[in-house]
Amino acid sequence: MTIELKGIQKVFPGAGAQPVLDGVDLQIQDNEFFTLLGPSGCGKTTLLRLIAGFERPTAGSIVLFGKRVEGTPPNERPVNTVFQHYALFPHQTVARNVGFGLRMLRRPAEEIDREVGRMLELVRLGALADRFPHQLSGGQQQRVALARALVTSPRALLLDEPLSALDSKLRDEMRVELKTLQRETGITFIFVTHDQGEALAMSDRIAVLREGRIEQMGVPDDIYERPRTRFVAQFVGDMNVFEGRLIKPPGGPFAFRTRSGAILPIAESTRQDDNAEMLAVVRPEKIRLALAETGDDSQGGPRLSGVVSNKLYLGTDTVYFVDLPHGETLRARMQNAAVSGDSFEIGASVLVNADKGAFRAVDRRP
Amino acid sequence: MAAQSTRSMRSLVSFRGFGAMAALCLIILYVPMAVLVTFSFNANRAVTVWGGFSFQWYVKAASNSGLQYAAWNSLTVALIATTLATAIATSAALATGRGQRFRGAQAFYALVNLPLMLPEIIIAVGTLSFFALLGMTLSLTTVIIAHTVFCIPFSYLPIRSRLETMDRRLEEAAMDLYATQWRAFRHVTMPLLMPGIMSGAMLAFVVSLDDFIITAMVAGAGAGTLPVYVYTQLKQGVTPEINAISTVLLAVSILLVAASYFVAKAGSRYSRPAAS
Amino acid sequence: MTYSTSGSDSRMLNARHLRPGPRGRSFPLSRLLMLPTIAVIGFFLVVPLGIIVTYSFLEPATFGGVVWSFSPEAYIQFLFERDIFDDTLAFNTAYLQIFLRSVSLAVAATLVSLMIGFPTAYFIATRPERQKNILIFLITLPFWTNLLIRTFCVLLILRDDGLINTVLMGLHIYEKPVTYLYNNTAMAAGLVYSYLPFMILPLYANLERLDKGLIEAAYDLYAKPWRVFTEVVLPHARPGIIAGSLLVFVPSLGTFLVPDMLGGGGRLLIGNLIQLQFGSSRNWPFGAALAVILLAAILLVLMLAASRSRSVNVQGGH
């Protein structure tokens, strides 16, 4: 086991005494790309800073590579950080920045030169070794920060929203680059982000944090397809949510009665007890619409009908707002696969279809 | 059409007559100095009657032994007081300028700035009484002590503002990259703080060089600085030589302050968090 | 000059200064860095202030200095004259007049500085970035130059053979030099000239933060320029006006050079009255008492200003 956190609690003095982290347990494996995902203020950055050694936990234990480290200062921990705004030393050149860690470790000069050169080649910055940070573009600064943190061969790399300061094109490129880098170096990456798309795209595993606790932990597919709480369902991706009660006919499959009376089939539920107050959730892209007159491509899915009340054209897709007869509104996201046609006008009556597993019931607790 | 619209846009935010007032303000501030400087190059012995261009008063001043002596005192006092005050101010800034919040921080801040808030005459008579009570003979030493005290806030403010704008993650980054606390301070904090320290030292130097009242009160015999010398001469009558000396003093202050400004500015280019 | 720190900063720092170690929370070493300042300013400035207060209750020694026996005489002397023969006290307004003259001159200088300084600060604050920097640098520069020499410059202008007389007589506005020096107006002019930058700098700092969009919004909502000024600009500028006024008022009240050089012998202000007691008059206790009275007056004004700006803060909800 590479990194293990147990019962981590962190309370900052004065700040209302509200714990920023409260009972976090976490195990991160060797060579894993592990992501801490959550909205701002959820404690993800604090958690990273605890691992780096910038903060001490109020309670709980941190084990890095078999050694307890709660009291170890950051300079004695074999992990390095890539800071959100990079924290490049403004008075040092790119090469001096990258060589900083090796100098602090008092490595011989020629080894430092060799390693810095090798690392700058790896991040394709060899030509810029003598520049100062303020002479570089955002993407270049980002790569210097990576090189600086990687050159000392840390056993884990901690990345605090490293892509948040980049524009969206560059961000997409860096995602791929980071993922490649992680695979090639074989170093454990612990990645902090509030961007669920980033988390899904890059991670081996994701922990979703909320108000200082881990809400759900799992592989990206698990988090996206099988959210266990309303928070995870709505924070990761877009989700239709209906309030209501679970119906469990003896022997039969689960169903769900929404508050206004619509009946939905449920493929999977986090609770099993009949008549439990729960939420039914379904991703908009799992829903298919068909015009009511023509309509039956059902494969035994739910049969609902409604009226298109609004639509947003997004290029690759169109999102339709379908008013259901009982008063709820459902969003359906349809791919614009055909060059033209195939779209529904506002006011059109439509049938709502979905695959069998599309609807799930999750805990109601906020 | 376009020109007119930009003009009316500008007048929207500004108010009528404010620009004229600003011009008046600059005239008030600079015309008296310009007069002084102009007449320091006056060949005429009468102070305010122009008699042609001449360097003679500068030459005369330069060979004045009483003036040389006072200048030497000024330099000694300013150098020692600046060094001491800047060292003290740097440590004070490190204790408070990094966002530390603790009980008494406000009181400490008030203490550092106390010399700025009191009228000089009160500091002057207080310091004089203090030395008298201790039985200290007034000398260059008493001048240096007094100057050190009132120079502290002047060097403290730029150092502190420098520290406050410094990205604190830089120190964390250094620690993360295996630097001990001391080495992080030595390799990261100190180099980045240096422009602030230089700027503060220059301001302290200027303030020490310029002070008159406190110096006049606590200077012993033969410990008079340049302003004290100028004052004594002025009391005996205004001479063109005084104009020349005053012009040199003005020029030194202005050059030092300008230098301090540019040092701080050039340094800020480095400390700015790298643009993204 | 404001001193505030955001919560997250202090969190970060608390942790770093409480150096991670098995001892847990320890006293941050950086706190010790305050000691030199406390020692130097405490010993060489705060203690002297205490001495001044003490001296004001002692008896004067013949050749300067004090005799260590308690006496309220210095304060009595401020308001009364003691008859040398029969020791009776007669109310004497001479010193009170000097004090009141100091206060009214300081007030006048503050008001004039505000009238010149406010438009100037506002004008600079609304310039493009480059001009702004140059202009504010020009305003700051005189602040750093020698006060003695600057007062001397005023002298050069106002003298009988000074710039104003030379120019006006050259234009034949009048033929005989007019005496501008050695009166209250000359002193007020000297004070304004000395401390004008002190008014502009805090005002500028304040007005620079004024969102110019607010002014446009006010115009958009049918306000006339005067209303824009009173409804939007002035309320925003209040803390700056208070700060700038204090920075002009306090040193003006204690000024020594202005009455000494521009006021002539007969025109004393409290600043050179104090100096006189420690100098040629050799009455240290009286000088100390005057210094205490000056200090008390300043403290009173500061407290008034503090309570004013606090009420502003409550209104503004900061």
# chains A, B, ... in the order shown; residues from 1 in each chain; ligands from 1
>>> closest_atom_pairs(of="chain A", to="chain B", cutoff="9 Å", atoms="only C-alpha atoms", output="JSON lines")
{"residue": "A:Ala52", "atom": "CA", "partner": "B:Asp176", "partner_atom": "CA", "distance": 7.1}
{"residue": "A:Gly53", "atom": "CA", "partner": "B:Asp176", "partner_atom": "CA", "distance": 8.0}
{"residue": "A:Phe54", "atom": "CA", "partner": "B:Glu172", "partner_atom": "CA", "distance": 7.1}
{"residue": "A:Pro73", "atom": "CA", "partner": "B:Met175", "partner_atom": "CA", "distance": 8.0}
{"residue": "A:Pro74", "atom": "CA", "partner": "B:Asp176", "partner_atom": "CA", "distance": 5.1}
{"residue": "A:Asn75", "atom": "CA", "partner": "B:Tyr178", "partner_atom": "CA", "distance": 3.7}
{"residue": "A:Glu76", "atom": "CA", "partner": "B:Tyr178", "partner_atom": "CA", "distance": 6.4}
{"residue": "A:Arg77", "atom": "CA", "partner": "B:Asp176", "partner_atom": "CA", "distance": 7.8}
{"residue": "A:Pro78", "atom": "CA", "partner": "B:Tyr178", "partner_atom": "CA", "distance": 8.8}
{"residue": "A:Val79", "atom": "CA", "partner": "B:Asp176", "partner_atom": "CA", "distance": 7.6}
{"residue": "A:Asn80", "atom": "CA", "partner": "B:Asp176", "partner_atom": "CA", "distance": 5.8}
{"residue": "A:Thr81", "atom": "CA", "partner": "B:Asp176", "partner_atom": "CA", "distance": 6.7}
{"residue": "A:Val82", "atom": "CA", "partner": "B:Ala173", "partner_atom": "CA", "distance": 8.4}
{"residue": "A:Phe83", "atom": "CA", "partner": "B:Arg169", "partner_atom": "CA", "distance": 7.8}
{"residue": "A:His85", "atom": "CA", "partner": "B:Pro273", "partner_atom": "CA", "distance": 7.6}
{"residue": "A:Tyr86", "atom": "CA", "partner": "B:Ala274", "partner_atom": "CA", "distance": 8.2}
{"residue": "A:Ala87", "atom": "CA", "partner": "B:Leu170", "partner_atom": "CA", "distance": 5.1}
{"residue": "A:Leu88", "atom": "CA", "partner": "B:Leu170", "partner_atom": "CA", "distance": 6.9}
{"residue": "A:Phe89", "atom": "CA", "partner": "B:Leu170", "partner_atom": "CA", "distance": 6.4}
{"residue": "A:Pro90", "atom": "CA", "partner": "B:Tyr270", "partner_atom": "CA", "distance": 5.0}
{"residue": "A:His91", "atom": "CA", "partner": "B:Tyr270", "partner_atom": "CA", "distance": 5.9}
{"residue": "A:Phe100", "atom": "CA", "partner": "B:Leu177", "partner_atom": "CA", "distance": 7.0}
{"residue": "A:Gly101", "atom": "CA", "partner": "B:Leu177", "partner_atom": "CA", "distance": 4.5}
{"residue": "A:Leu102", "atom": "CA", "partner": "B:Leu177", "partner_atom": "CA", "distance": 8.0}
{"residue": "A:Arg103", "atom": "CA", "partner": "B:Ala179", "partner_atom": "CA", "distance": 8.8}
{"residue": "A:Met104", "atom": "CA", "partner": "B:Ala179", "partner_atom": "CA", "distance": 5.4}
{"residue": "A:Leu105", "atom": "CA", "partner": "B:Tyr178", "partner_atom": "CA", "distance": 6.4}
{"residue": "A:Phe132", "atom": "CA", "partner": "B:Tyr270", "partner_atom": "CA", "distance": 8.7}
{"residue": "A:Pro133", "atom": "CA", "partner": "B:Ala274", "partner_atom": "CA", "distance": 6.2}
{"residue": "A:His134", "atom": "CA", "partner": "B:Ala274", "partner_atom": "CA", "distance": 5.0}
{"residue": "A:Gln135", "atom": "CA", "partner": "B:Ala274", "partner_atom": "CA", "distance": 8.4}
{"residue": "A:Leu136", "atom": "CA", "partner": "B:Ala274", "partner_atom": "CA", "distance": 8.2}
{"residue": "A:Ser137", "atom": "CA", "partner": "B:Ser276", "partner_atom": "CA", "distance": 6.7}
{"residue": "A:Gly138", "atom": "CA", "partner": "B:Ser276", "partner_atom": "CA", "distance": 4.4}
{"residue": "A:Gly139", "atom": "CA", "partner": "B:Ser276", "partner_atom": "CA", "distance": 8.0}
{"residue": "A:Gln141", "atom": "CA", "partner": "B:Ala274", "partner_atom": "CA", "distance": 7.9}
{"residue": "A:Arg148", "atom": "CA", "partner": "B:Leu177", "partner_atom": "CA", "distance": 8.4}
{"residue": "A:Ala149", "atom": "CA", "partner": "B:Leu177", "partner_atom": "CA", "distance": 7.4}
{"residue": "A:Thr152", "atom": "CA", "partner": "B:Leu177", "partner_atom": "CA", "distance": 8.2}
{"residue": "A:Ala165", "atom": "CA", "partner": "B:Ser276", "partner_atom": "CA", "distance": 6.1}
{"residue": "A:Leu166", "atom": "CA", "partner": "B:Ser276", "partner_atom": "CA", "distance": 6.8}
{"residue": "A:Asp167", "atom": "CA", "partner": "B:Ser276", "partner_atom": "CA", "distance": 8.9}
>>> interface_residues(of="chain C", to="chain B", cutoff="6 Å", atoms="only C-alpha atoms", output="short mmCIF file (atom, residue, chain, number, x, y, z; two decimals) with N, CA and C atoms, in the first residue's frame")
data_model
loop_
_atom_site.label_atom_id
_atom_site.label_comp_id
_atom_site.auth_asym_id
_atom_site.auth_seq_id
_atom_site.Cartn_x
_atom_site.Cartn_y
_atom_site.Cartn_z
N THR C 5 -5.92 40.48 7.09
CA THR C 5 -5.44 39.26 6.47
C THR C 5 -6.63 38.36 6.25
N SER C 10 -4.01 33.05 6.97
CA SER C 10 -3.54 32.81 8.32
C SER C 10 -3.56 31.32 8.61
N SER C 30 9.02 32.98 14.77
CA SER C 30 9.02 34.25 14.05
C SER C 30 8.53 35.38 14.95
N ARG C 31 7.77 35.02 15.99
CA ARG C 31 7.27 36.04 16.91
C ARG C 31 8.42 36.77 17.60
N LEU C 33 11.01 37.79 16.34
CA LEU C 33 11.56 38.83 15.48
C LEU C 33 11.00 40.21 15.80
N MET C 34 9.97 40.25 16.65
CA MET C 34 9.42 41.54 17.03
C MET C 34 10.28 42.21 18.09
N PRO C 36 13.53 43.15 18.57
CA PRO C 36 14.37 44.34 18.36
C PRO C 36 13.55 45.62 18.25
N THR C 37 12.44 45.54 17.52
CA THR C 37 11.59 46.72 17.36
C THR C 37 11.03 47.16 18.70
N ILE C 41 12.12 50.87 19.83
CA ILE C 41 11.09 51.92 19.88
C ILE C 41 10.55 52.07 21.30
N PRO C 48 10.75 57.79 26.55
CA PRO C 48 10.83 59.25 26.52
C PRO C 48 9.48 59.94 26.66
N LEU C 49 8.43 59.36 26.05
CA LEU C 49 7.11 59.97 26.20
C LEU C 49 6.69 59.97 27.66
N ILE C 52 8.52 62.70 29.44
CA ILE C 52 7.92 64.02 29.18
C ILE C 52 6.75 64.27 30.13
N PRO C 119 -9.69 67.51 -5.61
CA PRO C 119 -9.78 67.46 -7.08
C PRO C 119 -8.54 66.86 -7.71
N THR C 120 -7.38 67.17 -7.12
CA THR C 120 -6.14 66.64 -7.68
C THR C 120 -6.12 65.11 -7.59
N PHE C 123 -8.59 63.68 -9.99
CA PHE C 123 -8.11 63.81 -11.37
C PHE C 123 -7.07 62.73 -11.68
N THR C 145 11.44 65.18 0.25
CA THR C 145 12.52 66.15 0.25
C THR C 145 12.54 66.89 1.58
N ASN C 146 13.63 67.58 1.80
CA ASN C 146 13.92 68.19 3.08
C ASN C 146 12.90 69.27 3.44
N CYS C 153 12.19 77.46 0.63
CA CYS C 153 11.68 77.79 -0.70
C CYS C 153 10.50 78.75 -0.60
N PRO C 251 0.66 66.91 11.87
CA PRO C 251 1.95 67.60 11.80
C PRO C 251 1.81 69.12 11.75
N GLY C 254 1.74 70.48 15.24
CA GLY C 254 3.01 70.45 15.96
C GLY C 254 4.15 71.14 15.22
#
>>> closest_atom_pairs(of="chain A", to="chain C", cutoff="7 Å", atoms="only C-alpha atoms", output="Markdown table")
| residue | atom | partner | partner_atom | distance |
| --- | --- | --- | --- | --- |
| A:Phe12 | CA | C:Arg11 | CA | 6.5 |
| A:Phe54 | CA | C:Arg16 | CA | 6.6 |
| A:Glu55 | CA | C:Ala15 | CA | 5.5 |
| A:Arg56 | CA | C:Pro20 | CA | 6.8 |
| A:Gly71 | CA | C:Gly21 | CA | 4.7 |
| A:Thr72 | CA | C:Pro20 | CA | 6.4 |
| A:Pro73 | CA | C:Pro20 | CA | 5.6 |
>>> residues_around(residues="region 57-72 of chain C", least_positions_apart="3", cutoff="12 Å", atoms="only C-alpha atoms", output="PyMOL selection string")
(chain B and resi 125+128-135) or (chain C and resi 50-54+75-79+276-290+292)
>>> atom_distance(atom1="CA of Leu210 (chain C)", atom2="CA of Ser245 (chain C)")
19.1 Å
>>> select_by_dssp(residues="region 25-243 of chain A", states="alpha helix (DSSP H)", output="PyMOL selection string")
chain A and resi 44-52+94-104+109-122+138-150+168-185+196-202+220-225+230-235
>>> select_by_dssp(residues="region 88-323 of chain A", states="strand (DSSP E or B)", output="ChimeraX atom specification")
/A:156-160,188-193,205-210,213-218,229,240-247,255-258,263-265,268-269,277-282,287-291,304-313,317-323
>>> atom_distance(atom1="CA of Leu226 (chain B)", atom2="CA of Leu295 (chain C)")
28.9 Å
>>> atom_distance(atom1="CA of Gln196 (chain A)", atom2="CA of Ile223 (chain A)")
10.2 Å
>>> residues_around(residues="region 275-279 of chain A", least_positions_apart="2", cutoff="6 Å", atoms="only C-alpha atoms", output="PyMOL selection string")
chain A and resi 242-247+273+361-364
>>> residues_around(residues="region 206-219 of chain A", least_positions_apart="4", cutoff="6 Å", atoms="only C-alpha atoms", output="list in words")
Val20, Leu21, Asp22, Val24, Phe34, Thr35, Leu36, Leu37, Gly38, Cys42 and Gly43 of chain A
>>> write_last_selection(atoms="C-alpha atoms", output="mmCIF file, in the first residue's frame")
data_model
loop_
_atom_site.group_PDB
_atom_site.id
_atom_site.type_symbol
_atom_site.label_atom_id
_atom_site.label_comp_id
_atom_site.auth_asym_id
_atom_site.auth_seq_id
_atom_site.Cartn_x
_atom_site.Cartn_y
_atom_site.Cartn_z
ATOM 1 C CA VAL A 20 -12.524 21.140 7.124
ATOM 2 C CA LEU A 21 -11.942 17.409 6.980
ATOM 3 C CA ASP A 22 -13.897 14.998 9.099
ATOM 4 C CA VAL A 24 -11.461 10.722 5.910
ATOM 5 C CA PHE A 34 -6.011 8.994 -8.014
ATOM 6 C CA THR A 35 -8.288 12.028 -8.096
ATOM 7 C CA LEU A 36 -9.827 14.033 -5.277
ATOM 8 C CA LEU A 37 -12.920 15.624 -6.788
ATOM 9 C CA GLY A 38 -15.224 18.116 -5.188
ATOM 10 C CA CYS A 42 -14.880 20.581 0.223
ATOM 11 C CA GLY A 43 -11.455 20.040 1.774
#
>>> closest_residue(among="A:Arg259, A:Arg333, A:Arg228, A:Arg106", to="Arg360 (chain A)", atoms="only C-alpha atoms")
A:Arg228
>>> decode(residues="region 163-261 of chain A", atoms="C-alpha atoms", output="short mmCIF file (atom, residue, chain, number, x, y, z; two decimals), in the first residue's frame")
data_model
loop_
_atom_site.label_atom_id
_atom_site.label_comp_id
_atom_site.auth_asym_id
_atom_site.auth_seq_id
_atom_site.Cartn_x
_atom_site.Cartn_y
_atom_site.Cartn_z
CA LEU A 163 -4.85 22.73 -15.20
CA SER A 164 -7.23 25.34 -13.82
CA ALA A 165 -5.16 28.31 -14.98
CA LEU A 166 -4.91 27.14 -18.59
CA ASP A 167 -7.30 27.96 -21.40
CA SER A 168 -9.53 25.15 -22.54
CA LYS A 169 -7.56 24.05 -25.62
CA LEU A 170 -4.32 23.84 -23.69
CA ARG A 171 -6.13 22.08 -20.87
CA ASP A 172 -7.22 19.31 -23.24
CA GLU A 173 -3.64 18.85 -24.46
CA MET A 174 -2.22 18.81 -20.94
CA ARG A 175 -4.72 16.17 -19.87
CA VAL A 176 -3.29 13.80 -22.41
CA GLU A 177 0.26 14.82 -21.56
CA LEU A 178 -0.23 14.31 -17.84
CA LYS A 179 -1.81 10.93 -18.37
CA THR A 180 1.06 9.86 -20.62
CA LEU A 181 3.63 11.16 -18.18
CA GLN A 182 2.05 9.23 -15.35
CA ARG A 183 2.06 6.02 -17.33
CA GLU A 184 5.66 6.45 -18.43
CA THR A 185 7.11 7.41 -15.07
CA GLY A 186 5.03 4.97 -13.09
CA ILE A 187 4.72 7.47 -10.27
CA THR A 188 1.57 7.66 -8.17
CA PHE A 189 -0.38 10.82 -9.04
CA ILE A 190 -2.77 12.38 -6.58
CA PHE A 191 -4.78 14.91 -8.48
CA VAL A 192 -7.06 17.54 -7.03
CA THR A 193 -9.75 19.07 -9.22
CA HIS A 194 -13.24 20.51 -9.16
CA ASP A 195 -13.72 19.64 -12.82
CA GLN A 196 -15.63 16.38 -13.09
CA GLY A 197 -14.80 16.02 -16.78
CA GLU A 198 -11.10 16.18 -15.98
CA ALA A 199 -11.53 13.64 -13.20
CA LEU A 200 -13.44 11.18 -15.38
CA ALA A 201 -11.02 11.51 -18.26
CA MET A 202 -7.78 11.01 -16.38
CA SER A 203 -8.27 9.01 -13.23
CA ASP A 204 -7.87 5.38 -12.33
CA ARG A 205 -9.95 6.04 -9.27
CA ILE A 206 -11.90 9.02 -7.97
CA ALA A 207 -12.88 10.07 -4.47
CA VAL A 208 -15.73 12.59 -4.45
CA LEU A 209 -15.41 14.89 -1.45
CA ARG A 210 -18.11 16.95 0.08
CA GLU A 211 -17.94 19.10 3.19
CA GLY A 212 -14.89 17.30 4.50
CA ARG A 213 -16.09 13.77 3.92
CA ILE A 214 -15.70 11.24 1.15
CA GLU A 215 -19.08 10.90 -0.49
CA GLN A 216 -18.21 8.11 -2.88
CA MET A 217 -15.03 6.43 -4.08
CA GLY A 218 -14.56 4.27 -7.13
CA VAL A 219 -13.46 3.94 -10.74
CA PRO A 220 -14.74 6.69 -13.08
CA ASP A 221 -17.38 4.43 -14.64
CA ASP A 222 -18.72 3.58 -11.20
CA ILE A 223 -18.93 7.21 -10.16
CA TYR A 224 -20.69 8.24 -13.32
CA GLU A 225 -23.02 5.35 -13.91
CA ARG A 226 -23.73 4.33 -10.35
CA PRO A 227 -23.73 7.44 -8.14
CA ARG A 228 -24.89 6.52 -4.67
CA THR A 229 -26.08 9.91 -3.49
CA ARG A 230 -27.90 12.85 -4.93
CA PHE A 231 -24.76 14.97 -4.49
CA VAL A 232 -22.57 12.66 -6.55
CA ALA A 233 -25.30 12.24 -9.13
CA GLN A 234 -25.64 15.96 -9.65
CA PHE A 235 -22.02 17.01 -9.19
CA VAL A 236 -20.67 14.51 -11.70
CA GLY A 237 -22.39 15.11 -15.02
CA ASP A 238 -25.96 16.16 -15.67
CA MET A 239 -28.79 14.28 -14.04
CA ASN A 240 -32.60 14.23 -13.97
CA VAL A 241 -33.75 13.83 -10.38
CA PHE A 242 -37.27 12.92 -9.25
CA GLU A 243 -38.45 12.80 -5.68
CA GLY A 244 -40.77 10.01 -4.65
CA ARG A 245 -41.00 6.53 -3.14
CA LEU A 246 -39.59 3.17 -4.03
CA ILE A 247 -42.13 0.49 -4.88
CA LYS A 248 -41.14 -3.11 -4.39
CA PRO A 249 -43.78 -5.50 -5.67
CA PRO A 250 -43.27 -8.99 -4.24
CA GLY A 251 -41.05 -10.87 -6.64
CA GLY A 252 -41.31 -8.23 -9.32
CA PRO A 253 -38.76 -5.60 -10.38
CA PHE A 254 -38.39 -2.28 -8.54
CA ALA A 255 -40.47 0.65 -9.57
CA PHE A 256 -40.70 4.25 -8.41
CA ARG A 257 -43.61 6.55 -7.92
CA THR A 258 -42.68 10.18 -8.32
CA ARG A 259 -44.25 12.74 -6.05
CA SER A 260 -46.72 13.68 -8.74
CA GLY A 261 -47.62 10.13 -9.49
#
